[in-house]
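Raw contents of my_file-v3.cif, mmCIF, C-alpha atoms:
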data_data
#
loop_
_atom_site.label_atom_id
_atom_site.label_comp_id
_atom_site.auth_asym_id
_atom_site.auth_seq_id
_atom_site.Cartn_x
_atom_site.Cartn_y
_atom_site.Cartn_z
CA MET A 15 -50.00 104.46 -185.21
CA PHE A 16 -52.68 103.26 -182.77
CA ASN A 17 -53.51 100.04 -184.65
CA THR A 18 -50.07 98.38 -184.44
CA ALA A 19 -50.39 96.89 -180.94
CA SER A 20 -51.13 93.17 -180.99
CA THR A 21 -50.22 91.94 -177.51
CA THR A 22 -51.72 92.94 -174.17
CA PRO A 23 -48.54 94.67 -172.86
CA GLU A 24 -48.30 96.71 -176.09
CA LYS A 25 -51.94 97.76 -175.78
CA ILE A 26 -51.41 98.80 -172.16
CA LEU A 27 -48.36 100.86 -173.17
CA GLN A 28 -50.39 102.50 -175.93
CA MET A 29 -53.12 103.35 -173.46
CA LEU A 30 -50.62 104.85 -171.01
CA ALA A 31 -48.99 106.83 -173.83
CA ALA A 32 -52.38 108.21 -174.87
CA LEU A 33 -53.18 109.20 -171.27
CA LEU A 34 -49.82 110.92 -170.87
CA LEU A 35 -50.30 112.75 -174.18
CA PHE A 36 -53.72 113.97 -173.06
CA ALA A 37 -52.32 115.05 -169.67
CA ALA A 38 -49.53 116.96 -171.44
CA ILE A 39 -52.00 118.70 -173.77
CA LEU A 40 -54.24 119.58 -170.82
CA GLY A 41 -51.26 120.95 -168.91
CA VAL A 42 -50.27 123.16 -171.83
CA ILE A 43 -53.83 124.46 -172.18
CA LEU A 44 -54.07 125.29 -168.46
CA PHE A 45 -50.68 127.01 -168.58
CA ILE A 46 -51.75 129.18 -171.51
CA ALA A 47 -55.09 129.92 -169.83
CA ALA A 48 -53.29 131.13 -166.71
CA LYS A 49 -51.35 133.62 -168.83
CA PHE A 50 -54.54 135.15 -170.24
CA GLY A 51 -56.16 136.19 -166.96
CA GLY A 52 -58.15 139.39 -166.64
CA ARG A 53 -61.27 140.74 -168.24
CA ARG A 54 -59.89 141.01 -171.75
CA GLY A 55 -58.91 137.38 -171.78
CA ASP A 56 -62.10 135.92 -170.31
CA LYS A 57 -63.38 134.59 -173.63
CA VAL A 58 -59.99 133.21 -174.56
CA VAL A 59 -59.69 131.46 -171.20
CA ALA A 60 -63.20 130.05 -171.55
CA TRP A 61 -62.42 128.60 -174.97
CA LEU A 62 -59.15 127.18 -173.73
CA TYR A 63 -60.92 125.42 -170.88
CA LEU A 64 -63.42 124.01 -173.38
CA LEU A 65 -60.69 122.56 -175.56
CA PRO A 66 -60.19 119.37 -173.45
CA THR A 67 -63.93 118.65 -173.72
CA VAL A 68 -63.90 119.28 -177.45
CA PHE A 69 -60.80 117.08 -177.75
CA LEU A 70 -62.44 114.21 -175.86
CA LEU A 71 -65.66 114.48 -177.86
CA ALA A 72 -63.75 114.57 -181.14
CA PHE A 73 -61.48 111.59 -180.46
CA GLY A 74 -63.79 109.65 -178.14
CA LEU A 75 -67.11 110.07 -179.96
CA VAL A 76 -66.95 111.76 -183.36
CA TYR A 77 -63.89 109.92 -184.71
CA PRO A 78 -65.06 106.42 -183.62
CA GLY A 79 -68.49 107.13 -185.09
CA LEU A 80 -67.09 108.22 -188.44
CA ARG A 81 -64.64 105.31 -188.39
CA THR A 82 -67.49 102.86 -187.80
CA ILE A 83 -69.44 104.28 -190.74
CA TYR A 84 -66.31 103.97 -192.89
CA GLU A 85 -65.69 100.35 -191.88
CA SER A 86 -69.30 99.39 -192.60
CA PHE A 87 -68.49 99.64 -196.32
CA PHE A 88 -65.73 97.02 -196.14
CA ASP A 89 -65.67 93.23 -195.97
CA ALA A 90 -65.31 91.03 -192.88
CA ALA A 91 -61.54 91.56 -192.74
CA GLY A 92 -61.91 95.32 -193.25
CA LYS A 93 -59.72 95.33 -196.36
CA ALA A 94 -61.90 95.07 -199.49
CA PHE A 95 -64.48 97.75 -200.27
CA VAL A 96 -67.93 96.16 -200.69
CA GLY A 97 -70.16 99.22 -200.79
CA PHE A 98 -73.64 98.65 -199.35
CA ASP A 99 -73.33 94.84 -199.31
CA ASN A 100 -73.30 94.70 -195.51
CA TYR A 101 -76.49 96.76 -195.30
CA SER A 102 -78.04 94.58 -198.00
CA THR A 103 -77.19 91.52 -195.90
CA ILE A 104 -78.97 93.00 -192.88
CA PHE A 105 -82.22 93.37 -194.84
CA SER A 106 -82.03 90.16 -196.89
CA ASP A 107 -80.37 87.43 -194.81
CA ASN A 108 -82.89 85.29 -192.90
CA ASP A 109 -80.94 85.39 -189.63
CA GLN A 110 -80.56 89.16 -189.82
CA LEU A 111 -84.26 89.56 -190.61
CA THR A 112 -85.02 87.59 -187.46
CA VAL A 113 -82.80 89.99 -185.54
CA LEU A 114 -84.69 92.97 -186.96
CA ARG A 115 -88.04 91.33 -186.19
CA ASN A 116 -87.02 90.72 -182.60
CA THR A 117 -85.81 94.30 -182.22
CA VAL A 118 -89.13 95.64 -183.51
CA ILE A 119 -91.02 93.40 -181.06
CA TRP A 120 -88.90 94.67 -178.17
CA VAL A 121 -89.34 98.34 -179.12
CA VAL A 122 -93.10 98.00 -179.66
CA ILE A 123 -93.86 96.12 -176.44
CA VAL A 124 -91.37 97.20 -173.75
CA PRO A 125 -91.76 101.03 -173.71
CA PHE A 126 -95.56 101.01 -173.86
CA LEU A 127 -96.12 98.17 -171.41
CA ALA A 128 -93.49 99.34 -168.91
CA THR A 129 -94.85 102.91 -169.04
CA ALA A 130 -98.45 101.71 -168.69
CA ILE A 131 -97.59 99.55 -165.67
CA GLY A 132 -95.61 102.38 -164.08
CA LEU A 133 -98.41 104.89 -164.65
CA VAL A 134 -101.18 102.66 -163.30
CA TYR A 135 -99.06 101.69 -160.30
CA ALA A 136 -98.18 105.34 -159.56
CA ILE A 137 -101.87 106.28 -159.61
CA LEU A 138 -102.95 103.35 -157.44
CA VAL A 139 -100.40 103.95 -154.67
CA ASP A 140 -100.51 107.76 -154.79
CA ARG A 141 -101.22 109.13 -151.30
CA SER A 142 -101.99 105.66 -149.97
CA ARG A 143 -101.00 104.54 -146.49
CA PHE A 144 -98.16 102.31 -147.72
CA GLU A 145 -97.06 104.48 -150.64
CA SER A 146 -93.35 104.51 -149.80
CA PHE A 147 -93.19 100.76 -149.24
CA ALA A 148 -95.19 100.00 -152.39
CA LYS A 149 -92.96 102.24 -154.51
CA ALA A 150 -89.81 100.68 -153.05
CA LEU A 151 -90.99 97.21 -154.11
CA ILE A 152 -91.39 98.08 -157.78
CA PHE A 153 -88.29 100.28 -157.81
CA LEU A 154 -85.98 97.58 -156.38
CA PRO A 155 -85.20 95.99 -159.80
CA MET A 156 -83.74 99.35 -160.90
CA SER A 157 -81.06 99.02 -158.22
CA ILE A 158 -79.52 95.91 -159.76
CA SER A 159 -77.73 95.50 -163.06
CA PHE A 160 -79.28 94.01 -166.17
CA VAL A 161 -76.95 91.03 -165.83
CA ALA A 162 -78.04 90.36 -162.24
CA ALA A 163 -81.71 90.67 -163.24
CA SER A 164 -81.10 88.26 -166.10
CA VAL A 165 -79.51 85.70 -163.79
CA ILE A 166 -82.51 85.95 -161.44
CA TRP A 167 -85.00 85.39 -164.25
CA LYS A 168 -82.90 82.64 -165.81
CA PHE A 169 -83.43 80.72 -162.58
CA MET A 170 -87.14 81.57 -162.80
CA TYR A 171 -87.29 79.90 -166.22
CA GLU A 172 -84.94 77.01 -165.28
CA TYR A 173 -85.86 73.57 -166.61
CA ARG A 174 -85.26 70.09 -165.22
CA PRO A 175 -86.17 66.90 -167.14
CA ASP A 176 -89.46 65.33 -166.11
CA GLN A 177 -87.89 62.15 -164.73
CA GLY A 178 -88.67 60.29 -161.49
CA ASN A 179 -87.99 62.34 -158.41
CA VAL A 180 -86.31 65.21 -160.26
CA LYS A 181 -87.69 68.45 -158.82
CA GLN A 182 -87.99 71.71 -160.68
CA ILE A 183 -85.91 74.60 -159.36
CA GLY A 184 -87.44 77.13 -161.78
CA LEU A 185 -90.55 78.77 -160.37
CA ILE A 186 -92.38 78.91 -163.72
CA ASN A 187 -91.87 75.23 -164.48
CA GLN A 188 -92.80 74.30 -160.91
CA ILE A 189 -96.10 76.15 -161.32
CA ILE A 190 -96.67 74.28 -164.59
CA VAL A 191 -96.06 70.98 -162.78
CA TRP A 192 -98.42 71.97 -159.95
CA LEU A 193 -101.11 72.66 -162.54
CA GLY A 194 -100.64 69.17 -163.96
CA GLY A 195 -98.51 70.06 -166.98
CA LYS A 196 -95.05 68.95 -168.05
CA PRO A 197 -91.99 71.18 -167.58
CA GLN A 198 -90.87 73.04 -170.69
CA GLN A 199 -87.51 74.34 -171.89
CA LEU A 200 -88.95 77.82 -172.10
CA LEU A 201 -85.85 79.67 -173.30
CA ILE A 202 -85.38 77.57 -176.44
CA GLU A 203 -88.94 77.86 -177.74
CA SER A 204 -89.19 80.61 -180.37
CA PRO A 205 -90.86 83.12 -180.43
CA LEU A 206 -91.98 82.49 -176.83
CA ASN A 207 -88.42 82.97 -175.56
CA THR A 208 -88.29 86.50 -176.97
CA PHE A 209 -91.38 87.48 -174.99
CA LEU A 210 -89.93 85.85 -171.86
CA LEU A 211 -86.81 88.01 -172.22
CA ILE A 212 -89.00 91.07 -172.72
CA VAL A 213 -90.61 90.37 -169.33
CA VAL A 214 -87.21 90.95 -167.69
CA MET A 215 -86.82 94.36 -169.32
CA ILE A 216 -90.34 95.40 -168.34
CA TRP A 217 -89.69 94.21 -164.77
CA ILE A 218 -86.68 96.55 -164.60
CA GLN A 219 -88.06 99.58 -166.44
CA ALA A 220 -91.51 99.69 -164.78
CA GLY A 221 -89.87 101.03 -161.61
CA PHE A 222 -88.21 103.84 -163.56
CA ALA A 223 -91.51 104.75 -165.23
CA MET A 224 -93.36 104.69 -161.89
CA THR A 225 -90.84 106.99 -160.21
CA ILE A 226 -90.88 109.67 -162.92
CA LEU A 227 -94.64 109.55 -163.47
CA SER A 228 -95.36 109.59 -159.73
CA ALA A 229 -93.45 112.86 -159.45
CA ALA A 230 -95.47 114.28 -162.37
CA ILE A 231 -98.76 113.20 -160.76
CA LYS A 232 -97.83 114.90 -157.49
CA ALA A 233 -97.15 118.10 -159.43
CA ILE A 234 -100.81 118.34 -160.51
CA PRO A 235 -102.36 121.27 -158.55
CA ASP A 236 -104.50 120.13 -155.62
CA ASP A 237 -107.26 122.65 -156.41
CA ILE A 238 -107.89 120.98 -159.80
CA ILE A 239 -108.21 117.57 -158.17
CA GLU A 240 -110.46 118.86 -155.41
CA ALA A 241 -112.70 120.68 -157.89
CA ALA A 242 -113.08 117.49 -159.94
CA ARG A 243 -113.99 115.49 -156.84
CA LEU A 244 -116.58 118.07 -155.80
CA ASP A 245 -118.14 117.75 -159.24
CA GLY A 246 -118.54 114.01 -158.62
CA VAL A 247 -116.02 112.89 -161.25
CA ASN A 248 -115.35 109.14 -161.12
CA ALA A 249 -111.88 107.57 -161.16
CA TRP A 250 -111.85 106.80 -164.90
CA THR A 251 -112.97 110.31 -165.89
CA MET A 252 -110.40 111.77 -163.50
CA PHE A 253 -107.66 109.73 -165.17
CA ARG A 254 -108.79 110.45 -168.73
CA ASN A 255 -109.54 114.18 -168.44
CA ILE A 256 -107.19 115.39 -165.71
CA THR A 257 -104.35 113.04 -164.79
CA LEU A 258 -103.33 111.83 -168.25
CA PRO A 259 -103.39 115.27 -169.99
CA SER A 260 -101.41 116.76 -167.08
CA VAL A 261 -98.64 114.16 -167.24
CA GLN A 262 -98.65 113.69 -171.02
CA PRO A 263 -95.27 115.40 -171.63
CA THR A 264 -93.71 113.23 -168.92
CA VAL A 265 -95.28 110.09 -170.41
CA VAL A 266 -93.68 110.93 -173.76
CA VAL A 267 -90.27 111.43 -172.15
CA VAL A 268 -90.56 108.13 -170.27
CA LEU A 269 -91.66 106.30 -173.42
CA THR A 270 -88.78 107.63 -175.50
CA THR A 271 -86.20 107.06 -172.75
CA ILE A 272 -87.26 103.44 -172.29
CA GLY A 273 -87.42 103.08 -176.08
CA ILE A 274 -83.78 104.12 -176.40
CA ALA A 275 -82.74 101.73 -173.62
CA THR A 276 -84.69 98.94 -175.35
CA LEU A 277 -83.00 99.53 -178.70
CA LYS A 278 -79.63 99.16 -176.99
CA VAL A 279 -80.57 96.07 -174.94
CA PHE A 280 -77.68 93.64 -174.85
CA ASP A 281 -77.08 92.30 -171.35
CA ILE A 282 -80.38 90.44 -171.02
CA VAL A 283 -80.08 88.61 -174.33
CA ARG A 284 -76.38 87.83 -173.89
CA THR A 285 -76.81 86.52 -170.33
CA MET A 286 -79.96 84.45 -170.79
CA THR A 287 -79.64 82.93 -174.28
CA GLY A 288 -76.46 84.31 -175.82
CA GLY A 289 -78.58 85.35 -178.78
CA GLN A 290 -79.30 81.72 -179.67
CA PHE A 291 -82.69 80.15 -180.40
CA LYS A 292 -83.72 83.14 -182.54
CA THR A 293 -83.57 85.66 -179.67
CA SER A 294 -80.82 87.98 -180.91
CA VAL A 295 -81.41 91.72 -181.29
CA VAL A 296 -79.41 94.39 -183.12
CA ALA A 297 -77.14 95.32 -180.20
CA ASN A 298 -76.32 91.69 -179.43
CA GLU A 299 -75.84 90.84 -183.10
CA PHE A 300 -73.41 93.73 -183.45
CA TYR A 301 -71.32 92.24 -180.64
CA SER A 302 -71.57 88.70 -182.04
CA GLN A 303 -70.56 89.67 -185.57
CA THR A 304 -67.72 91.94 -184.48
CA PHE A 305 -66.09 89.97 -181.67
CA ARG A 306 -67.23 86.36 -182.15
CA ALA A 307 -67.69 85.91 -185.91
CA ASP A 308 -64.89 88.44 -186.61
CA ASN A 309 -67.00 90.09 -189.30
CA GLN A 310 -65.91 93.69 -188.88
CA GLY A 311 -67.88 95.05 -191.82
CA LEU A 312 -71.26 93.58 -190.86
CA GLY A 313 -70.70 94.45 -187.20
CA ALA A 314 -69.99 98.06 -188.12
CA ALA A 315 -73.10 98.18 -190.35
CA LEU A 316 -75.25 96.91 -187.47
CA ALA A 317 -73.76 99.58 -185.19
CA VAL A 318 -74.59 102.26 -187.74
CA LEU A 319 -78.13 100.91 -188.07
CA LEU A 320 -78.55 101.05 -184.31
CA PHE A 321 -77.31 104.65 -184.30
CA ILE A 322 -79.76 105.58 -187.08
CA LEU A 323 -82.66 104.00 -185.18
CA VAL A 324 -81.83 105.91 -181.99
CA ILE A 325 -81.51 109.35 -183.64
CA PRO A 326 -85.27 109.97 -184.32
CA ILE A 327 -86.20 108.98 -180.77
CA VAL A 328 -83.56 111.28 -179.27
CA ALA A 329 -84.61 114.15 -181.56
CA TYR A 330 -88.28 113.67 -180.64
CA ASN A 331 -87.39 113.55 -176.95
CA ILE A 332 -85.45 116.82 -177.15
CA ARG A 333 -88.27 118.47 -179.10
CA THR A 334 -90.83 117.39 -176.49
CA LEU A 335 -88.69 118.69 -173.63
CA ARG A 336 -88.26 122.06 -175.32
CA ARG A 337 -92.02 122.31 -175.87
CA SER A 338 -92.78 121.52 -172.24
CA GLU A 339 -90.21 124.08 -171.05
CA ALA A 340 -91.62 126.74 -173.40
CA SER A 341 -95.15 126.20 -172.13
#
Can you give me the file's structure in the form of structure tokens?
Amino acid sequence: MFNTASTTPEKILQMLAALLLFAAILGVILFIAAKFGGRRGDKVVAWLYLLPTVFLLAFGLVYPGLRTIYESFFDAAGKAFVGFDNYSTIFSDNDQLTVLRNTVIWVVIVPFLATAIGLVYAILVDRSRFESFAKALIFLPMSISFVAASVIWKFMYEYRPDQGNVKQIGLINQIIVWLGGKPQQLLIESPLNTFLLIVVMIWIQAGFAMTILSAAIKAIPDDIIEAARLDGVNAWTMFRNITLPSVQPTVVVVLTTIGIATLKVFDIVRTMTGGQFKTSVVANEFYSQTFRADNQGLGAALAVLLFILVIPIVAYNIRTLRRSEAS
């Protein structure tokens, strides 16, 4: 029923029909709920009001997820059943192995480095004279989109041929020229380009880490800090024995949150390199295979893989939060 539209007007009509159907269902539910007022009908009314949410979750999240898993067992056209061939391709094809390698590099470097920078920065500016201004500087990248940040850094890495009076407009290449070197096409050199893209993600996420960890640091009781200072504890011992253990649950939450965002990174890769020059990651490859290469089966398999990779991090995050709340 919902897969027959092929033109844009037909798709718009389908969308409008779906919205009207949902509005009609919601109206019926609200009408029935109004008829079951009173104490005896409280539970019935509550369940009726929950139905729209359940409906949206079922058809907007559960069904698409199950449908994606189903399509991952079919060929590029989505017609012939191929079993686990798409998953086998992910772990055997050289290009797909490069994608997996890049994803691992992103997940290993970005969360830990961004969290470390945010933590150190939060400690250094805590209760300083220019604390608000210093925090605003590192938090500013969080206020722009990933695409905008990518455009900014693409100009940072911009390359101009080393010919005559041609001047570099990219800051990095201009610094290289000032130091006596020759300008380089930084974004096409693998694996250097992957690390240069990672810098953009760290630049954005360090502000998030600093904000959350700064709040956790300020929550440390003043009497503990004062007692440590009276005992003559130096800065390193203070950090190792007091600050870090006190903010450890928050550090874990920040690490896992940035880890999830890193697994799903798409905008930076798509904007800066388009996934070329061996820079693609799972999220970008899913888009490329599904919408550019028209390989529905492999695209669905990559989406399922991404979902599987995210699940343990989310589960660990929830477990950590429950532990911290219990204590």
Next item on the list: Return the single residue from A:Thr67, A:Val279, A:Phe321, A:Ile327 that is closest to Leu80 in chain A, with distances computed using only C-alpha atoms.
Entry: A:Phe321
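In this model, the gap between CA of Met156 in chain A and CA of Ala233 in chain A comes to 23.1 Å.
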Next item on the list: Determine the residue membership of the PyMOL selection byres ((chain A and resi 160) around 9) for the file above and supply it as an MDAnalysis selection string.
Entry: chainID A and resid 155:156 158:159 161:165 214:215 218 280:282 285
Specify the axis-aligned box that encloses all atoms of range 250-266 of chain A listed in the file after padding of 5 Å on each side, stating its centre and edge lengths in Å to one decimal as AutoDock Vina command-line options.
--center_x -103.3 --center_y 111.8 --center_z -168.6 --size_x 29.3 --size_y 20.0 --size_z 20.3
Checklist line | Counting all atoms listed in the file, the residue of A:Leu114, A:Ala249, A:Val267, A:Leu30 that sits nearest Ala297 in chain A | finding: A:Leu114
Report as CSV the residues of range 235-314 of chain A within 10 Å of range 120-126 of chain A, each with its shortest atom pair and distance in Å (one decimal), using all atoms listed in the file, ordered by chain and increasing residue number.
residue,atom,partner,partner_atom,distance
A:Val265,CA,A:Phe126,CA,9.7
A:Val268,CA,A:Pro125,CA,8.0
A:Leu269,CA,A:Pro125,CA,5.3
A:Thr270,CA,A:Pro125,CA,7.5
A:Thr271,CA,A:Pro125,CA,8.3
A:Ile272,CA,A:Pro125,CA,5.3
A:Gly273,CA,A:Pro125,CA,5.4
A:Ile274,CA,A:Val121,CA,8.5
A:Ala275,CA,A:Pro125,CA,9.0
A:Thr276,CA,A:Val121,CA,6.0
A:Leu277,CA,A:Val121,CA,6.5
A:Lys278,CA,A:Val121,CA,10.0
A:Val279,CA,A:Trp120,CA,9.0
A:Val295,CA,A:Trp120,CA,8.6
Would you put the residues from that selection into a file with C-alpha atoms, as a compact mmCIF listing (two decimals), keeping the file's coordinate frame?
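out_6.txt was written with the following content:
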# COMPACT_ATOMS: atom_id res chain seq x y z
CA VAL A 265 -95.28 110.09 -170.41
CA VAL A 268 -90.56 108.13 -170.27
CA LEU A 269 -91.66 106.30 -173.42
CA THR A 270 -88.78 107.63 -175.50
CA THR A 271 -86.20 107.06 -172.75
CA ILE A 272 -87.26 103.44 -172.29
CA GLY A 273 -87.42 103.08 -176.08
CA ILE A 274 -83.78 104.12 -176.40
CA ALA A 275 -82.74 101.73 -173.62
CA THR A 276 -84.69 98.94 -175.35
CA LEU A 277 -83.00 99.53 -178.70
CA LYS A 278 -79.63 99.16 -176.99
CA VAL A 279 -80.57 96.07 -174.94
CA VAL A 295 -81.41 91.72 -181.29
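The closest residue to Val283 in chain A, picked from A:Val328, A:Ile322, A:Val113, A:Glu339 and counting only C-alpha atoms, is A:Val113.
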Next item on the list: Taking the file as shown, find all residues satisfying the PyMOL selection byres ((chain A and resi 338) around 12) and write them as a VMD selection string.
Entry: chain A and resid 260 to 267 331 to 337 339 to 341
Write the selection just made, keeping C-alpha atoms, as a PDB file, in the coordinates of the input?
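Saved to selection.pdb:
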ATOM      1  CA  SER A 260    -101.410 116.760-167.080  1.00  0.00           C
ATOM      2  CA  VAL A 261     -98.640 114.160-167.240  1.00  0.00           C
ATOM      3  CA  GLN A 262     -98.650 113.690-171.020  1.00  0.00           C
ATOM      4  CA  PRO A 263     -95.270 115.400-171.630  1.00  0.00           C
ATOM      5  CA  THR A 264     -93.710 113.230-168.920  1.00  0.00           C
ATOM      6  CA  VAL A 265     -95.280 110.090-170.410  1.00  0.00           C
ATOM      7  CA  VAL A 266     -93.680 110.930-173.760  1.00  0.00           C
ATOM      8  CA  VAL A 267     -90.270 111.430-172.150  1.00  0.00           C
ATOM      9  CA  ASN A 331     -87.390 113.550-176.950  1.00  0.00           C
ATOM     10  CA  ILE A 332     -85.450 116.820-177.150  1.00  0.00           C
ATOM     11  CA  ARG A 333     -88.270 118.470-179.100  1.00  0.00           C
ATOM     12  CA  THR A 334     -90.830 117.390-176.490  1.00  0.00           C
ATOM     13  CA  LEU A 335     -88.690 118.690-173.630  1.00  0.00           C
ATOM     14  CA  ARG A 336     -88.260 122.060-175.320  1.00  0.00           C
ATOM     15  CA  ARG A 337     -92.020 122.310-175.870  1.00  0.00           C
ATOM     16  CA  GLU A 339     -90.210 124.080-171.050  1.00  0.00           C
ATOM     17  CA  ALA A 340     -91.620 126.740-173.400  1.00  0.00           C
ATOM     18  CA  SER A 341     -95.150 126.200-172.130  1.00  0.00           C
TER      19      SER A 341
END
